[in-house]
$ cat my_file-v5.txt   # compact mmCIF, C-alpha atoms and all ligand atoms
# COMPACT_ATOMS: atom_id res chain seq x y z
CA MET A 1 -15.50 29.87 22.49
CA PHE A 2 -14.88 30.56 18.82
CA ILE A 3 -11.56 28.70 18.98
CA LYS A 4 -13.23 25.64 20.55
CA ARG A 5 -15.86 25.59 17.83
CA PHE A 6 -13.14 25.96 15.20
CA TYR A 7 -11.29 22.90 16.52
CA LEU A 8 -14.50 20.91 16.62
CA ILE A 9 -15.13 21.69 12.96
CA VAL A 10 -11.52 20.79 12.06
CA ASN A 11 -11.88 17.45 13.87
CA ILE A 12 -15.13 16.65 12.10
CA LEU A 13 -13.52 17.50 8.77
CA ALA A 14 -10.50 15.32 9.58
CA LEU A 15 -12.77 12.38 10.45
CA PHE A 16 -14.65 12.87 7.22
CA ILE A 17 -11.48 12.98 5.13
CA LEU A 18 -9.94 9.96 6.90
CA GLY A 19 -13.19 8.06 6.46
CA CYS A 20 -12.98 8.60 2.71
CA SER A 21 -9.32 7.67 2.35
CA LYS A 22 -8.22 4.99 -0.11
CA GLU A 23 -6.69 2.94 2.68
CA ASN A 24 -9.90 1.38 3.77
CA GLN A 25 -11.05 0.29 7.23
CA ASP A 26 -13.70 -2.13 5.93
CA LYS A 27 -13.43 -5.89 6.27
CA PRO A 28 -11.57 -7.21 3.20
CA ASP A 29 -13.49 -9.01 0.46
CA ILE A 30 -10.32 -10.59 -0.93
CA ILE A 31 -6.89 -11.41 0.49
CA VAL A 32 -3.91 -11.46 -1.89
CA ASP A 33 -0.57 -12.87 -0.71
CA ILE A 34 2.49 -11.55 -2.54
CA LYS A 35 6.14 -12.40 -2.14
CA VAL A 36 8.84 -9.91 -3.06
CA SER A 37 12.51 -10.57 -3.66
CA LYS A 38 15.31 -9.39 -5.92
CA ASN A 39 13.70 -11.63 -8.58
CA GLY A 40 10.54 -9.51 -8.45
CA TYR A 41 7.01 -10.01 -7.16
CA GLN A 42 5.27 -13.37 -7.09
CA PRO A 43 2.63 -13.07 -8.48
CA SER A 44 3.50 -10.06 -10.62
CA ASN A 45 0.35 -10.02 -12.72
CA ILE A 46 -2.83 -9.64 -10.65
CA THR A 47 -6.42 -9.14 -11.79
CA LEU A 48 -9.01 -8.06 -9.23
CA PRO A 49 -12.65 -6.95 -9.33
CA TYR A 50 -13.49 -3.26 -9.25
CA GLY A 51 -15.07 -1.89 -6.07
CA LYS A 52 -13.86 -4.63 -3.70
CA VAL A 53 -11.76 -4.16 -0.58
CA VAL A 54 -8.50 -6.07 -0.91
CA LEU A 55 -6.02 -6.92 1.79
CA PHE A 56 -2.56 -7.27 0.27
CA ARG A 57 -0.14 -9.24 2.46
CA ILE A 58 3.39 -8.67 1.22
CA THR A 59 6.24 -10.84 2.44
CA ALA A 60 9.86 -10.01 1.70
CA ILE A 61 11.89 -13.16 1.14
CA ASP A 62 15.26 -11.44 0.97
CA GLU A 63 16.91 -8.29 2.33
CA GLY A 64 16.18 -6.07 -0.70
CA ILE A 65 18.33 -2.97 -0.57
CA GLY A 66 19.80 -4.00 2.76
CA GLU A 67 19.34 -5.07 6.36
CA ASP A 68 20.58 -1.92 8.09
CA TYR A 69 17.45 -1.20 10.14
CA THR A 70 18.99 1.99 11.51
CA ALA A 71 18.97 3.42 7.97
CA GLN A 72 16.03 5.40 6.64
CA TYR A 73 15.45 2.91 3.81
CA TYR A 74 15.86 -0.87 4.00
CA GLY A 75 14.22 -4.03 2.75
CA HIS A 76 11.50 -3.98 0.09
CA CYS A 77 8.25 -2.13 -0.57
CA PHE A 78 4.91 -2.59 -2.23
CA TYR A 79 3.74 0.67 -3.77
CA ILE A 80 0.78 1.06 -6.14
CA LEU A 81 1.32 4.06 -8.40
CA PRO A 82 -1.22 6.92 -8.69
CA PRO A 83 -4.12 7.29 -8.74
CA TYR A 84 -3.91 4.72 -5.90
CA ASP A 85 -0.68 6.13 -4.48
CA VAL A 86 -0.62 3.78 -1.48
CA GLY A 87 2.08 1.49 -0.22
CA VAL A 88 3.97 -0.25 2.55
CA TYR A 89 7.69 0.32 2.93
CA ASN A 90 10.75 -1.05 4.73
CA ILE A 91 9.60 -4.67 4.72
CA LYS A 92 12.35 -6.69 6.40
CA LYS A 93 13.45 -10.13 5.25
CA ASN A 94 10.81 -12.71 6.33
CA GLU A 95 8.46 -9.94 7.45
CA THR A 96 4.89 -9.51 6.16
CA LYS A 97 3.23 -6.11 5.93
CA GLU A 98 -0.44 -5.54 5.16
CA LEU A 99 -2.10 -2.95 2.98
CA LYS A 100 -5.86 -2.64 2.68
CA VAL A 101 -7.12 -0.92 -0.44
CA LYS A 102 -10.57 -0.28 -1.86
CA LEU A 103 -10.33 -0.75 -5.62
CA ILE A 104 -12.00 2.49 -6.66
CA TYR A 105 -9.98 3.07 -9.83
CA PRO A 106 -10.61 0.63 -12.71
CA GLY A 107 -8.02 -0.04 -15.39
CA ASN A 108 -4.40 -1.11 -15.54
CA HIS A 109 -2.08 -0.03 -12.74
CA ILE A 110 1.52 -0.66 -11.77
CA PHE A 111 2.99 -1.65 -8.43
CA THR A 112 6.65 -1.44 -7.68
CA CYS A 113 9.37 -1.23 -5.07
CA PRO A 114 10.62 2.37 -5.18
CA TYR A 115 13.80 1.26 -3.40
CA CYS A 116 15.09 -1.36 -5.79
CA SER A 117 13.06 -1.35 -9.03
CA GLY A 118 15.93 0.53 -10.72
CA ILE A 119 18.21 -2.45 -10.08
CA PHE A 120 15.90 -5.48 -9.78
CA PRO A 121 12.72 -6.43 -11.71
CA THR A 122 10.47 -5.48 -8.79
CA LYS A 123 7.53 -4.33 -10.83
CA GLY A 124 4.06 -5.77 -11.39
CA ASP A 125 0.74 -5.20 -13.11
CA LEU A 126 -2.57 -4.77 -11.34
CA HIS A 127 -5.70 -5.01 -13.48
CA ILE A 128 -8.95 -3.77 -11.97
CA LYS A 129 -11.98 -4.94 -13.92
CU CU A 201 12.74 -3.82 -3.21
$ encode --input "my_file-v5.txt" --output "structure tokens"
Amino acid sequence: MFIKRFYLIVNILALFILGCSKENQDKPDIIVDIKVSKNGYQPSNITLPYGKVVLFRITAIDEGIGEDYTAQYYGHCFYILPPYDVGVYNIKKNETKELKVKLIYPGNHIFTCPYCSGIFPTKGDLHIK
């Protein structure tokens, strides 16, 4: 009986935490299409309004760090550095991955591809005003 109640409380807590996560389930206010290649992100300088829910749609137009889909890491990524700390990874050539984010942190932020930004200029600026 106690155990059952414990699990119920854990589940309620989990729902609460998930409901508050930065990756938002709301309908997007804005859609931003981004292309990523070894030449970087296009666009690489993005300004968006604070508080809105944005759906980023990131398309890789080349193979990034490689096309070995059996490897742990391949393709490109779109990662917004902390405090956002959200991203999509392993985007194959010609594939589009989506990331929904509620813009709860104002200011200037950086997005990057953790896989290839050391080699290629895959880095961009995100301004939340
Ligand atoms: Cu990359």
$ closest_residue --input "my_file-v5.txt" --among "A:Val36, A:Val101, A:Ala71, A:Leu55" --to "ligand CU 201 (chain A)" --atoms "all atoms listed in the file"
A:Val36
$ residues_near_ligand --input "my_file-v5.txt" --ligand "ligand CU 201 (chain A)" --cutoff "7 Å" --atoms "all atoms listed in the file" --output "CSV table (one decimal) with C-alpha atoms, in the coordinates of the input"
chain,number,residue,atom,x,y,z
A,37,SER,CA,12.5,-10.6,-3.7
A,38,LYS,CA,15.3,-9.4,-5.9
A,64,GLY,CA,16.2,-6.1,-0.7
A,65,ILE,CA,18.3,-3.0,-0.6
A,75,GLY,CA,14.2,-4.0,2.8
A,76,HIS,CA,11.5,-4.0,0.1
A,77,CYS,CA,8.2,-2.1,-0.6
A,113,CYS,CA,9.4,-1.2,-5.1
A,114,PRO,CA,10.6,2.4,-5.2
A,115,TYR,CA,13.8,1.3,-3.4
A,116,CYS,CA,15.1,-1.4,-5.8
A,117,SER,CA,13.1,-1.4,-9.0
A,122,THR,CA,10.5,-5.5,-8.8
$ closest_residue --input "my_file-v5.txt" --among "A:Ile61, A:Val86, A:Ile91, A:Ile80" --to "Asn108 (chain A)" --atoms "all atoms listed in the file"
A:Ile80
$ closest_residue --input "my_file-v5.txt" --among "A:Leu81, A:Ile30, A:Leu99, A:Leu126" --to "Phe56 (chain A)" --atoms "all atoms listed in the file"
A:Leu99
$ closest_residue --input "my_file-v5.txt" --among "A:Lys102, A:Lys52, A:His109, A:Lys123" --to "Lys35 (chain A)" --atoms "all atoms listed in the file"
A:Lys123
$ residues_around --input "my_file-v5.txt" --residues "Ile46 (chain A)" --least-positions-apart "6" --cutoff "8 Å" --atoms "all atoms listed in the file" --output "PyMOL selection string"
chain A and resi 124-127
$ residues_near_point --input "my_file-v5.txt" --point "(-1.8, -15.6, -4.4)" --cutoff "8 Å" --atoms "all atoms listed in the file" --output "list in words"
Val32, Asp33, Ile34, Gln42 and Pro43 of chain A
$ atom_distance --input "my_file-v5.txt" --atom1 "CA of Lys92 (chain A)" --atom2 "CA of Ala60 (chain A)"
6.3 Å
$ closest_residue --input "my_file-v5.txt" --among "A:Gly107, A:Gly51, A:Gly66, A:Pro121" --to "Pro28 (chain A)" --atoms "only C-alpha atoms"
A:Gly51
$ atom_distance --input "my_file-v5.txt" --atom1 "CA of Tyr50 (chain A)" --atom2 "CA of Asn90 (chain A)"
28.1 Å
$ atom_distance --input "my_file-v5.txt" --atom1 "CA of Tyr69 (chain A)" --atom2 "CA of Gln25 (chain A)"
28.7 Å
$ closest_residue --input "my_file-v5.txt" --among "A:Val54, A:Tyr74, A:Glu63, A:Phe111" --to "Tyr41 (chain A)" --atoms "only C-alpha atoms"
A:Phe111
$ decode --input "my_file-v5.txt" --residues "region 56-78 of chain A" --atoms "N, CA, C and O atoms" --output "PDB file, in the first residue's frame"
ATOM      1  N   PHE A  56      12.130  25.082 -34.227  1.00  0.00           N
ATOM      2  CA  PHE A  56      13.283  25.112 -35.123  1.00  0.00           C
ATOM      3  C   PHE A  56      13.211  23.861 -35.992  1.00  0.00           C
ATOM      4  O   PHE A  56      13.025  22.745 -35.476  1.00  0.00           O
ATOM      5  N   ARG A  57      13.363  24.054 -37.298  1.00  0.00           N
ATOM      6  CA  ARG A  57      13.423  22.910 -38.230  1.00  0.00           C
ATOM      7  C   ARG A  57      14.788  22.952 -38.893  1.00  0.00           C
ATOM      8  O   ARG A  57      15.064  23.847 -39.698  1.00  0.00           O
ATOM      9  N   ILE A  58      15.646  22.015 -38.521  1.00  0.00           N
ATOM     10  CA  ILE A  58      17.030  22.049 -38.958  1.00  0.00           C
ATOM     11  C   ILE A  58      17.272  20.979 -40.015  1.00  0.00           C
ATOM     12  O   ILE A  58      17.045  19.788 -39.768  1.00  0.00           O
ATOM     13  N   THR A  59      17.723  21.414 -41.167  1.00  0.00           N
ATOM     14  CA  THR A  59      18.007  20.500 -42.273  1.00  0.00           C
ATOM     15  C   THR A  59      19.506  20.456 -42.523  1.00  0.00           C
ATOM     16  O   THR A  59      20.147  21.499 -42.677  1.00  0.00           O
ATOM     17  N   ALA A  60      20.060  19.260 -42.551  1.00  0.00           N
ATOM     18  CA  ALA A  60      21.475  19.094 -42.897  1.00  0.00           C
ATOM     19  C   ALA A  60      21.586  18.976 -44.407  1.00  0.00           C
ATOM     20  O   ALA A  60      20.879  18.170 -45.023  1.00  0.00           O
ATOM     21  N   ILE A  61      22.441  19.794 -45.009  1.00  0.00           N
ATOM     22  CA  ILE A  61      22.569  19.715 -46.466  1.00  0.00           C
ATOM     23  C   ILE A  61      23.857  19.021 -46.905  1.00  0.00           C
ATOM     24  O   ILE A  61      24.106  18.880 -48.088  1.00  0.00           O
ATOM     25  N   ASP A  62      24.646  18.567 -45.922  1.00  0.00           N
ATOM     26  CA  ASP A  62      25.739  17.652 -46.272  1.00  0.00           C
ATOM     27  C   ASP A  62      25.899  16.624 -45.145  1.00  0.00           C
ATOM     28  O   ASP A  62      25.095  16.587 -44.216  1.00  0.00           O
ATOM     29  N   GLU A  63      26.941  15.800 -45.250  1.00  0.00           N
ATOM     30  CA  GLU A  63      27.060  14.655 -44.341  1.00  0.00           C
ATOM     31  C   GLU A  63      27.712  15.001 -43.006  1.00  0.00           C
ATOM     32  O   GLU A  63      27.809  14.129 -42.131  1.00  0.00           O
ATOM     33  N   GLY A  64      28.165  16.255 -42.845  1.00  0.00           N
ATOM     34  CA  GLY A  64      28.775  16.644 -41.567  1.00  0.00           C
ATOM     35  C   GLY A  64      30.006  15.820 -41.244  1.00  0.00           C
ATOM     36  O   GLY A  64      30.907  15.714 -42.066  1.00  0.00           O
ATOM     37  N   ILE A  65      29.997  15.200 -40.064  1.00  0.00           N
ATOM     38  CA  ILE A  65      31.177  14.416 -39.684  1.00  0.00           C
ATOM     39  C   ILE A  65      31.194  13.034 -40.315  1.00  0.00           C
ATOM     40  O   ILE A  65      32.149  12.284 -40.140  1.00  0.00           O
ATOM     41  N   GLY A  66      30.132  12.690 -41.044  1.00  0.00           N
ATOM     42  CA  GLY A  66      30.165  11.414 -41.740  1.00  0.00           C
ATOM     43  C   GLY A  66      28.805  10.771 -41.881  1.00  0.00           C
ATOM     44  O   GLY A  66      27.840  11.192 -41.249  1.00  0.00           O
ATOM     45  N   GLU A  67      28.749   9.775 -42.762  1.00  0.00           N
ATOM     46  CA  GLU A  67      27.480   9.103 -43.080  1.00  0.00           C
ATOM     47  C   GLU A  67      27.435   7.664 -42.567  1.00  0.00           C
ATOM     48  O   GLU A  67      26.637   6.869 -43.059  1.00  0.00           O
ATOM     49  N   ASP A  68      28.297   7.348 -41.607  1.00  0.00           N
ATOM     50  CA  ASP A  68      28.272   5.993 -41.042  1.00  0.00           C
ATOM     51  C   ASP A  68      27.198   5.948 -39.960  1.00  0.00           C
ATOM     52  O   ASP A  68      27.436   6.302 -38.805  1.00  0.00           O
ATOM     53  N   TYR A  69      25.981   5.515 -40.356  1.00  0.00           N
ATOM     54  CA  TYR A  69      24.845   5.560 -39.440  1.00  0.00           C
ATOM     55  C   TYR A  69      24.881   4.437 -38.402  1.00  0.00           C
ATOM     56  O   TYR A  69      24.005   4.344 -37.555  1.00  0.00           O
ATOM     57  N   THR A  70      25.897   3.586 -38.476  1.00  0.00           N
ATOM     58  CA  THR A  70      26.078   2.589 -37.420  1.00  0.00           C
ATOM     59  C   THR A  70      26.960   3.155 -36.303  1.00  0.00           C
ATOM     60  O   THR A  70      27.050   2.588 -35.224  1.00  0.00           O
ATOM     61  N   ALA A  71      27.600   4.300 -36.576  1.00  0.00           N
ATOM     62  CA  ALA A  71      28.448   4.936 -35.567  1.00  0.00           C
ATOM     63  C   ALA A  71      27.578   5.655 -34.534  1.00  0.00           C
ATOM     64  O   ALA A  71      26.397   5.925 -34.782  1.00  0.00           O
ATOM     65  N   GLN A  72      28.174   5.986 -33.406  1.00  0.00           N
ATOM     66  CA  GLN A  72      27.415   6.690 -32.371  1.00  0.00           C
ATOM     67  C   GLN A  72      27.128   8.136 -32.796  1.00  0.00           C
ATOM     68  O   GLN A  72      26.073   8.680 -32.500  1.00  0.00           O
ATOM     69  N   TYR A  73      28.073   8.747 -33.495  1.00  0.00           N
ATOM     70  CA  TYR A  73      27.931  10.136 -33.920  1.00  0.00           C
ATOM     71  C   TYR A  73      28.047  10.221 -35.430  1.00  0.00           C
ATOM     72  O   TYR A  73      28.974   9.672 -36.016  1.00  0.00           O
ATOM     73  N   TYR A  74      27.103  10.891 -36.063  1.00  0.00           N
ATOM     74  CA  TYR A  74      27.179  11.141 -37.511  1.00  0.00           C
ATOM     75  C   TYR A  74      26.356  12.373 -37.839  1.00  0.00           C
ATOM     76  O   TYR A  74      25.543  12.836 -37.034  1.00  0.00           O
ATOM     77  N   GLY A  75      26.588  12.911 -39.005  1.00  0.00           N
ATOM     78  CA  GLY A  75      25.804  14.057 -39.477  1.00  0.00           C
ATOM     79  C   GLY A  75      26.125  15.351 -38.748  1.00  0.00           C
ATOM     80  O   GLY A  75      27.265  15.606 -38.371  1.00  0.00           O
ATOM     81  N   HIS A  76      25.093  16.167 -38.566  1.00  0.00           N
ATOM     82  CA  HIS A  76      25.211  17.463 -37.897  1.00  0.00           C
ATOM     83  C   HIS A  76      24.259  17.530 -36.700  1.00  0.00           C
ATOM     84  O   HIS A  76      23.421  16.641 -36.503  1.00  0.00           O
ATOM     85  N   CYS A  77      24.383  18.620 -35.961  1.00  0.00           N
ATOM     86  CA  CYS A  77      23.521  18.863 -34.799  1.00  0.00           C
ATOM     87  C   CYS A  77      23.074  20.318 -34.773  1.00  0.00           C
ATOM     88  O   CYS A  77      23.613  21.166 -35.495  1.00  0.00           O
ATOM     89  N   PHE A  78      22.122  20.569 -33.912  1.00  0.00           N
ATOM     90  CA  PHE A  78      21.735  21.940 -33.575  1.00  0.00           C
ATOM     91  C   PHE A  78      21.571  21.950 -32.072  1.00  0.00           C
ATOM     92  O   PHE A  78      20.627  21.375 -31.529  1.00  0.00           O
TER      93      PHE A  78
END
